[in-house]
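What follows is final_8.cif (mmCIF, C-alpha atoms and all ligand atoms).
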```
data_protein
#
loop_
_atom_site.label_atom_id
_atom_site.label_comp_id
_atom_site.auth_asym_id
_atom_site.auth_seq_id
_atom_site.Cartn_x
_atom_site.Cartn_y
_atom_site.Cartn_z
CA MET A 1 4.40 23.44 9.29
CA ALA A 2 1.99 22.85 12.16
CA GLY A 3 2.99 22.61 15.82
CA LEU A 4 5.42 19.83 16.60
CA ASN A 5 2.90 17.42 18.05
CA ASP A 6 0.34 17.89 15.33
CA ILE A 7 2.21 16.19 12.52
CA SER A 8 1.07 12.85 11.14
CA TRP A 9 3.65 10.91 9.13
CA VAL A 10 2.58 8.44 6.46
CA LEU A 11 5.64 6.35 5.67
CA ASP A 12 6.14 4.13 2.65
CA LEU A 13 8.15 0.97 3.41
CA ASP A 14 10.20 -0.17 0.40
CA GLY A 15 12.77 2.50 -0.45
CA VAL A 16 12.13 4.37 2.83
CA VAL A 17 12.45 1.92 5.74
CA TRP A 18 14.15 -0.91 3.84
CA LEU A 19 15.47 -1.59 0.38
CA ALA A 20 15.17 -5.12 -1.03
CA ASP A 21 14.81 -6.40 2.57
CA GLU A 22 17.92 -4.55 3.84
CA PRO A 23 17.11 -1.92 6.51
CA ILE A 24 18.05 1.61 5.37
CA PRO A 25 20.51 3.01 7.95
CA GLY A 26 19.02 5.69 10.21
CA SER A 27 15.34 4.94 9.62
CA ALA A 28 14.79 3.09 12.91
CA ALA A 29 16.40 5.98 14.82
CA ALA A 30 14.32 8.52 12.88
CA ILE A 31 11.07 6.73 13.76
CA GLU A 32 12.15 6.49 17.40
CA LEU A 33 12.66 10.26 17.38
CA LEU A 34 9.16 10.82 15.95
CA ASP A 35 7.71 8.58 18.67
CA ALA A 36 9.62 10.48 21.36
CA GLU A 37 8.20 13.75 19.99
CA HIS A 38 4.66 12.23 20.01
CA HIS A 39 4.09 12.44 16.29
CA GLN A 40 1.71 9.96 14.68
CA VAL A 41 3.36 7.38 12.43
CA LEU A 42 1.52 5.10 10.01
CA PHE A 43 3.29 2.72 7.60
CA VAL A 44 1.39 2.46 4.33
CA THR A 45 2.36 -0.07 1.68
CA ASN A 46 0.99 -1.38 -1.60
CA PHE A 47 2.41 -4.80 -0.77
CA SER A 48 -0.58 -7.03 -0.05
CA ALA A 49 0.83 -10.51 0.44
CA LEU A 50 1.84 -10.27 4.12
CA THR A 51 -0.62 -10.55 7.01
CA SER A 52 -0.56 -7.60 9.45
CA ARG A 53 1.44 -9.64 11.97
CA GLN A 54 4.01 -10.64 9.30
CA ALA A 55 4.36 -7.01 8.18
CA GLU A 56 4.74 -5.87 11.81
CA GLN A 57 7.37 -8.55 12.44
CA LYS A 58 9.36 -7.45 9.41
CA LEU A 59 9.46 -3.91 10.85
CA GLU A 60 10.28 -5.20 14.33
CA THR A 61 13.33 -7.06 12.93
CA CYS A 62 14.54 -3.62 11.78
CA GLY A 63 14.14 -2.42 15.39
CA ILE A 64 10.94 -0.46 14.68
CA LYS A 65 7.85 -0.43 16.89
CA ALA A 66 5.09 -1.52 14.52
CA LYS A 67 2.12 -2.97 16.39
CA GLY A 68 -1.12 -1.62 14.91
CA ARG A 69 0.74 0.88 12.71
CA VAL A 70 0.73 -0.89 9.34
CA LEU A 71 -1.84 -0.26 6.62
CA THR A 72 -1.64 -2.40 3.48
CA SER A 73 -3.38 -2.36 0.12
CA ALA A 74 -4.95 -5.70 1.16
CA MET A 75 -6.88 -3.86 3.90
CA ALA A 76 -7.89 -1.16 1.41
CA ALA A 77 -9.15 -3.82 -1.03
CA ALA A 78 -11.12 -5.55 1.74
CA SER A 79 -12.75 -2.22 2.67
CA LEU A 80 -14.50 -2.42 -0.72
CA VAL A 81 -16.39 -5.61 0.11
CA GLU A 82 -19.35 -5.87 2.46
CA PRO A 83 -19.65 -8.17 5.49
CA GLY A 84 -21.26 -11.45 4.41
CA GLU A 85 -20.03 -11.28 0.81
CA GLN A 86 -18.28 -14.19 -0.94
CA VAL A 87 -14.93 -13.13 -2.35
CA ILE A 88 -12.51 -14.96 -4.62
CA VAL A 89 -9.00 -14.12 -3.46
CA CYS A 90 -6.60 -14.28 -6.38
CA GLY A 91 -3.75 -13.12 -4.16
CA GLY A 92 -1.78 -13.77 -0.98
CA GLU A 93 -2.40 -14.38 2.70
CA GLY A 94 -2.70 -10.70 3.58
CA ILE A 95 -5.87 -10.42 1.49
CA ILE A 96 -7.39 -13.60 2.96
CA GLU A 97 -6.85 -12.15 6.45
CA ALA A 98 -8.23 -8.72 5.54
CA VAL A 99 -11.36 -10.21 3.91
CA LYS A 100 -12.01 -12.31 7.04
CA ASN A 101 -11.50 -9.26 9.29
CA ARG A 102 -14.09 -7.48 7.20
CA GLY A 103 -16.62 -10.23 7.97
CA ALA A 104 -16.69 -11.53 4.38
CA THR A 105 -15.77 -15.04 3.18
CA PRO A 106 -12.50 -15.49 1.26
CA LEU A 107 -12.65 -18.24 -1.39
CA ASN A 108 -9.74 -20.02 -3.04
CA PRO A 109 -10.35 -19.87 -6.82
CA LEU A 110 -9.10 -23.44 -7.22
CA GLN A 111 -10.77 -25.22 -4.34
CA GLU A 112 -14.20 -23.85 -3.57
CA HIS A 113 -17.41 -25.19 -4.97
CA VAL A 114 -19.48 -22.05 -4.68
CA PRO A 115 -21.66 -21.37 -7.76
CA THR A 116 -20.06 -18.52 -9.74
CA SER A 117 -23.31 -16.57 -9.62
CA ALA A 118 -23.02 -16.44 -5.79
CA ILE A 119 -19.59 -14.76 -5.89
CA ASP A 120 -19.78 -11.03 -5.14
CA ALA A 121 -16.22 -9.94 -5.83
CA VAL A 122 -12.77 -11.00 -7.01
CA ILE A 123 -9.74 -9.41 -5.32
CA VAL A 124 -6.43 -9.58 -7.18
CA GLY A 125 -3.15 -9.07 -5.32
CA PHE A 126 0.47 -9.96 -5.97
CA HIS A 127 1.23 -13.67 -5.57
CA ARG A 128 3.63 -16.05 -7.25
CA GLU A 129 1.14 -18.91 -7.59
CA PHE A 130 -0.88 -17.06 -10.25
CA SER A 131 -1.87 -19.57 -12.94
CA PHE A 132 -4.12 -20.16 -15.94
CA GLU A 133 -6.60 -21.99 -13.68
CA ARG A 134 -6.79 -19.08 -11.21
CA LEU A 135 -7.22 -16.67 -14.09
CA ALA A 136 -10.02 -18.80 -15.58
CA ALA A 137 -11.88 -19.18 -12.25
CA SER A 138 -11.61 -15.43 -11.53
CA ALA A 139 -12.75 -14.49 -15.05
CA HIS A 140 -15.70 -16.85 -14.85
CA ALA A 141 -16.96 -15.14 -11.67
CA LEU A 142 -16.57 -11.74 -13.35
CA HIS A 143 -18.60 -12.91 -16.37
CA ASN A 144 -21.36 -13.73 -13.90
CA GLY A 145 -21.44 -10.28 -12.36
CA ALA A 146 -18.76 -10.27 -9.62
CA ARG A 147 -16.92 -6.94 -9.05
CA LEU A 148 -13.19 -6.74 -9.78
CA ILE A 149 -11.03 -5.17 -7.06
CA SER A 150 -7.25 -4.89 -7.29
CA THR A 151 -4.88 -4.09 -4.43
CA ASN A 152 -2.59 -2.00 -6.64
CA ASN A 153 -1.74 -1.34 -10.23
CA ASP A 154 2.07 -1.21 -10.17
CA PRO A 155 3.02 -2.88 -13.49
CA THR A 156 6.43 -4.07 -12.29
CA TYR A 157 8.62 -4.02 -9.23
CA PRO A 158 12.38 -3.72 -8.98
CA THR A 159 14.57 -6.54 -7.66
CA PRO A 160 18.36 -6.97 -7.70
CA HIS A 161 17.79 -9.22 -10.75
CA GLY A 162 15.77 -6.72 -12.74
CA LEU A 163 12.08 -5.86 -13.02
CA LEU A 164 9.53 -8.55 -12.13
CA PRO A 165 5.84 -8.46 -13.07
CA GLY A 166 3.91 -6.52 -10.43
CA ASN A 167 0.26 -6.81 -9.47
CA GLY A 168 -0.74 -4.44 -12.27
CA SER A 169 0.30 -7.18 -14.70
CA LEU A 170 -1.83 -9.81 -12.94
CA THR A 171 -4.74 -7.37 -12.71
CA ALA A 172 -4.52 -6.62 -16.43
CA ALA A 173 -4.78 -10.34 -17.25
CA VAL A 174 -7.84 -10.81 -15.01
CA ALA A 175 -9.50 -7.62 -16.28
CA VAL A 176 -9.05 -8.60 -19.92
CA ALA A 177 -10.19 -12.20 -19.40
CA GLY A 178 -13.11 -11.07 -17.22
CA LYS A 179 -14.11 -8.23 -19.58
CA THR A 180 -14.39 -5.74 -16.74
CA GLU A 181 -12.57 -2.74 -15.29
CA PRO A 182 -10.88 -3.06 -11.90
CA THR A 183 -11.31 -0.71 -8.94
CA ILE A 184 -7.81 -0.07 -7.59
CA ALA A 185 -7.69 0.08 -3.78
CA GLY A 186 -4.05 0.87 -2.92
CA LYS A 187 -1.84 3.94 -3.30
CA PRO A 188 -2.54 6.51 -4.70
CA HIS A 189 -6.26 5.80 -4.84
CA ALA A 190 -9.17 6.91 -2.66
CA PRO A 191 -9.91 3.62 -0.80
CA ILE A 192 -6.49 3.54 0.92
CA ALA A 193 -6.48 7.33 1.36
CA ASN A 194 -9.81 7.09 3.22
CA LEU A 195 -8.39 4.40 5.51
CA VAL A 196 -5.30 6.54 6.19
CA LEU A 197 -7.49 9.47 7.32
CA GLU A 198 -9.64 7.17 9.44
CA ARG A 199 -6.62 5.59 11.16
CA LEU A 200 -4.91 8.93 11.81
CA GLY A 201 -8.15 10.63 12.82
CA VAL A 202 -7.33 13.70 10.71
CA GLU A 203 -9.15 15.59 7.98
CA ARG A 204 -8.13 15.64 4.34
CA GLY A 205 -5.90 18.66 3.73
CA THR A 206 -4.74 19.15 7.34
CA PRO A 207 -1.65 21.38 7.02
CA GLY A 208 1.74 20.02 8.11
CA ASN A 209 0.97 16.33 7.66
CA ILE A 210 3.34 14.52 5.34
CA VAL A 211 3.65 11.43 3.15
CA VAL A 212 7.25 10.24 2.84
CA GLY A 213 8.03 7.95 -0.08
CA ASP A 214 10.46 7.20 -2.89
CA LEU A 215 8.02 7.13 -5.80
CA PRO A 216 6.15 10.27 -6.95
CA ALA A 217 3.64 8.23 -9.02
CA THR A 218 2.32 6.44 -5.92
CA ASP A 219 3.52 8.28 -2.79
CA GLY A 220 3.37 11.76 -4.32
CA LEU A 221 -0.10 11.21 -5.74
CA LEU A 222 -1.25 9.72 -2.41
CA ALA A 223 -0.07 12.93 -0.73
CA ALA A 224 -2.11 14.90 -3.28
CA GLU A 225 -5.17 12.70 -2.63
CA LEU A 226 -4.78 13.31 1.13
CA GLY A 227 -3.94 17.00 0.80
CA PHE A 228 -0.69 16.33 2.72
CA ASP A 229 2.85 17.47 1.89
CA PHE A 230 4.97 15.10 -0.17
CA GLY A 231 8.45 14.32 1.14
CA LEU A 232 10.58 12.58 -1.47
CA VAL A 233 13.51 10.48 -0.27
CA LEU A 234 16.35 9.47 -2.59
CA SER A 235 16.98 6.14 -0.81
CA GLY A 236 14.71 4.19 -3.21
CA VAL A 237 13.78 4.16 -6.88
CA THR A 238 14.04 7.90 -7.68
CA PRO A 239 17.63 9.08 -8.33
CA ALA A 240 18.75 12.64 -7.55
CA ASP A 241 18.96 13.59 -11.23
CA GLN A 242 15.22 12.93 -11.69
CA VAL A 243 14.02 15.21 -8.89
CA ASP A 244 13.59 18.26 -11.13
CA THR A 245 11.37 16.45 -13.62
CA CYS A 246 9.32 14.25 -11.29
CA GLU A 247 5.55 14.62 -11.07
CA PRO A 248 4.01 15.60 -8.73
CA LYS A 249 6.69 17.95 -7.41
CA PRO A 250 7.83 17.11 -3.87
CA ASP A 251 7.41 19.77 -1.16
CA ILE A 252 10.64 18.61 0.42
CA VAL A 253 13.49 16.35 -0.77
CA ALA A 254 15.96 14.52 1.46
CA GLN A 255 18.57 11.81 1.05
CA ASP A 256 16.74 9.40 3.34
CA LEU A 257 14.16 9.23 6.13
CA GLU A 258 16.63 10.29 8.81
CA ALA A 259 17.53 13.46 6.88
CA MET A 260 13.83 14.09 6.13
CA VAL A 261 12.84 13.89 9.81
CA GLU A 262 15.72 16.20 10.77
CA ALA A 263 14.74 18.74 8.11
CA VAL A 264 11.04 18.74 9.01
CA LEU A 265 11.59 18.91 12.79
CA SER A 266 14.07 21.78 12.48
CA SER A 267 11.67 23.78 10.28
CA ALA A 268 8.63 23.27 12.58
MG MG B 301 8.50 2.70 -2.11
#
```
This entry written out as structure tokens:
Amino acid sequence: MAGLNDISWVLDLDGVVWLADEPIPGSAAAIELLDAEHHQVLFVTNFSALTSRQAEQKLETCGIKAKGRVLTSAMAAASLVEPGEQVIVCGGEGIIEAVKNRGATPLNPLQEHVPTSAIDAVIVGFHREFSFERLAASAHALHNGARLISTNNDPTYPTPHGLLPGNGSLTAAVAVAGKTEPTIAGKPHAPIANLVLERLGVERGTPGNIVVGDLPATDGLLAAELGFDFGLVLSGVTPADQVDTCEPKPDIVAQDLEAMVEAVLSSA
């Protein structure tokens, strides 16, 4: 591990900071400790529906200082459009905000009267208002040459009532109807990894930096993309009996974020 003050922490939200909207005990205190030790903390999530302020507020209700420290897959998706472009947003408010911040124009697939040939890109993100009409409008733009960008490809997501369709399911529908392949912006892919490095101001592969998450397939592969260590916590979707078989292998395993921070700080 690098010197104490050199560590950057990339923290997943669901399964690390909270679980199904319930704060995970000890995480707020762990983040406070990192702040006191002057480590860098960046929250990185594949959830794209919330605006940055809404995401920050959700963290603040858990007692966590969040201003300017949240990076979402909506921001990663928006980094793939150019200022001045016209973009159909088949997704939530977080994407609309990110597209505007990028200097591009977000279009509602159901309301705008822009000729399909003038649409540069379609961004798909999780939203519950997905419909046949949105699918048709998005596909039509793709048939006329628009690029397909997706915030993330998670096929499902867990809820107390079982698995719900995730944005990967919506993306698959749009990709099939639009006869095109999507570029995936969120974890574990390069667009969000590039934004993480930019925000932290560190190089790919800097020793000692760590991604903490509960899902090897997204958080572990993001760590690999960044050249950071992967810290797996057991407070989310990966149970203890799957640690030995998970891919990629974690560099460090802990029960939860609090235990992870303790373990890393004591080994530094
Ligand atoms: Mg998670």
Q. Within 9 Å of ligand MG 301 (chain B), counting all atoms listed in the file: which residues, as a count of residues only?
A. 17
Q: Go through A:Leu265, A:Ile184, A:Ile192, A:Val124 and flag the residue nearest Pro106 in chain A, using only C-alpha atoms for the distances.
A: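 Among A:Leu265, A:Ile184, A:Ile192, A:Val124, it is A:Val124 that comes nearest to Pro106 in chain A.
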**Q.** Neighbour list for Leu71 in chain A as a PyMOL selection string, cut-off 12 Å, all atoms listed in the file, skip fewer than 6 positions in-chain
**A.** chain A and resi 10-13+41-48+50-53+55-56+77-79+94+98+185-187+191-200
Q. So which one's closest to Pro188 in chain A, A:Ala76, A:Cys246, A:Leu164, A:Leu33? Using only C-alpha atoms, please.
A.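 With only C-alpha atoms as the atom set, the closest residue is A:Ala76.
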Residue contacts of Ile119 in chain A (7 Å, all atoms listed in the file) excluding same-chain residues fewer than 4 positions away, as an mmCIF file with C-alpha atoms, in the coordinates of the input:
```cif
data_model
loop_
_atom_site.group_PDB
_atom_site.id
_atom_site.type_symbol
_atom_site.label_atom_id
_atom_site.label_comp_id
_atom_site.auth_asym_id
_atom_site.auth_seq_id
_atom_site.Cartn_x
_atom_site.Cartn_y
_atom_site.Cartn_z
ATOM 1 C CA GLN A 86 -18.280 -14.190 -0.940
ATOM 2 C CA VAL A 87 -14.930 -13.130 -2.350
ATOM 3 C CA ALA A 141 -16.960 -15.140 -11.670
ATOM 4 C CA ALA A 146 -18.760 -10.270 -9.620
#
```
Q: Pull the neighbourhood of (-8.0, -12.5, 2.4) for me: all residues within 9 Å in file coordinates, counting only C-alpha atoms, as a list in words.
A: Thr51, Ala74, Met75, Ala78, Val87, Ile88, Val89, Gly91, Gly92, Glu93, Gly94, Ile95, Ile96, Glu97, Ala98, Val99, Lys100, Asn101, Ala104, Thr105, Pro106, Leu107 and Ile123 of chain A
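Coordinates place CA of His127 in chain A at a distance of 29.8 Å from CA of Ile31 in chain A.
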Q.
Report, in Å with one decimal, the straight-line distance from CA of Ile64 in chain A to CA of Ala30 in chain A.
A.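 Pair CA of Ile64 in chain A / CA of Ala30 in chain A returns 9.8 Å.
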Q | Nearest to Glu32 in chain A by atom-to-atom distance, counting all atoms listed in the file, from A:Glu258, A:Asp251, A:Glu82, A:Asp244 | A |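 Using all atoms listed in the file, Glu32 in chain A sits closest to A:Glu258.
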Q) In Å, how far is it from CA of Ala217 in chain A to CA of Thr180 in chain A? A)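 For CA of Ala217 in chain A relative to CA of Thr180 in chain A, the distance reads 24.1 Å.
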Q. Using only C-alpha atoms, which residues sit within 9 Å of Ala20 in chain A once same-chain residues fewer than 6 positions away are excluded, as a list in words?
A.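 In the requested format, the answer is Asp14, Pro158, Thr159 and Pro160 of chain A.
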Q: Excluding Glu181 in chain A and residues on its chain fewer than 2 positions from it, collect all residues at most 7 Å away from it, counting only C-alpha atoms, and give them as a PyMOL selection string.
A: chain A and resi 148+175+183
Using 8 Å of padding on each side, determine the axis-aligned box around all atoms of range 109-124 of chain A present in the file and give its centre and edge lengths in Å to one decimal, as lines of an AutoDock Vina configuration file.
```
center_x = -14.9
center_y = -17.3
center_z = -6.7
size_x = 32.9
size_y = 31.8
size_z = 22.2
```
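If you measure from each of A:Ala121, A:Val114, A:Ala139, A:Leu59 to Pro83 in chain A using all atoms listed in the file, the closest one turns out to be A:Ala121.
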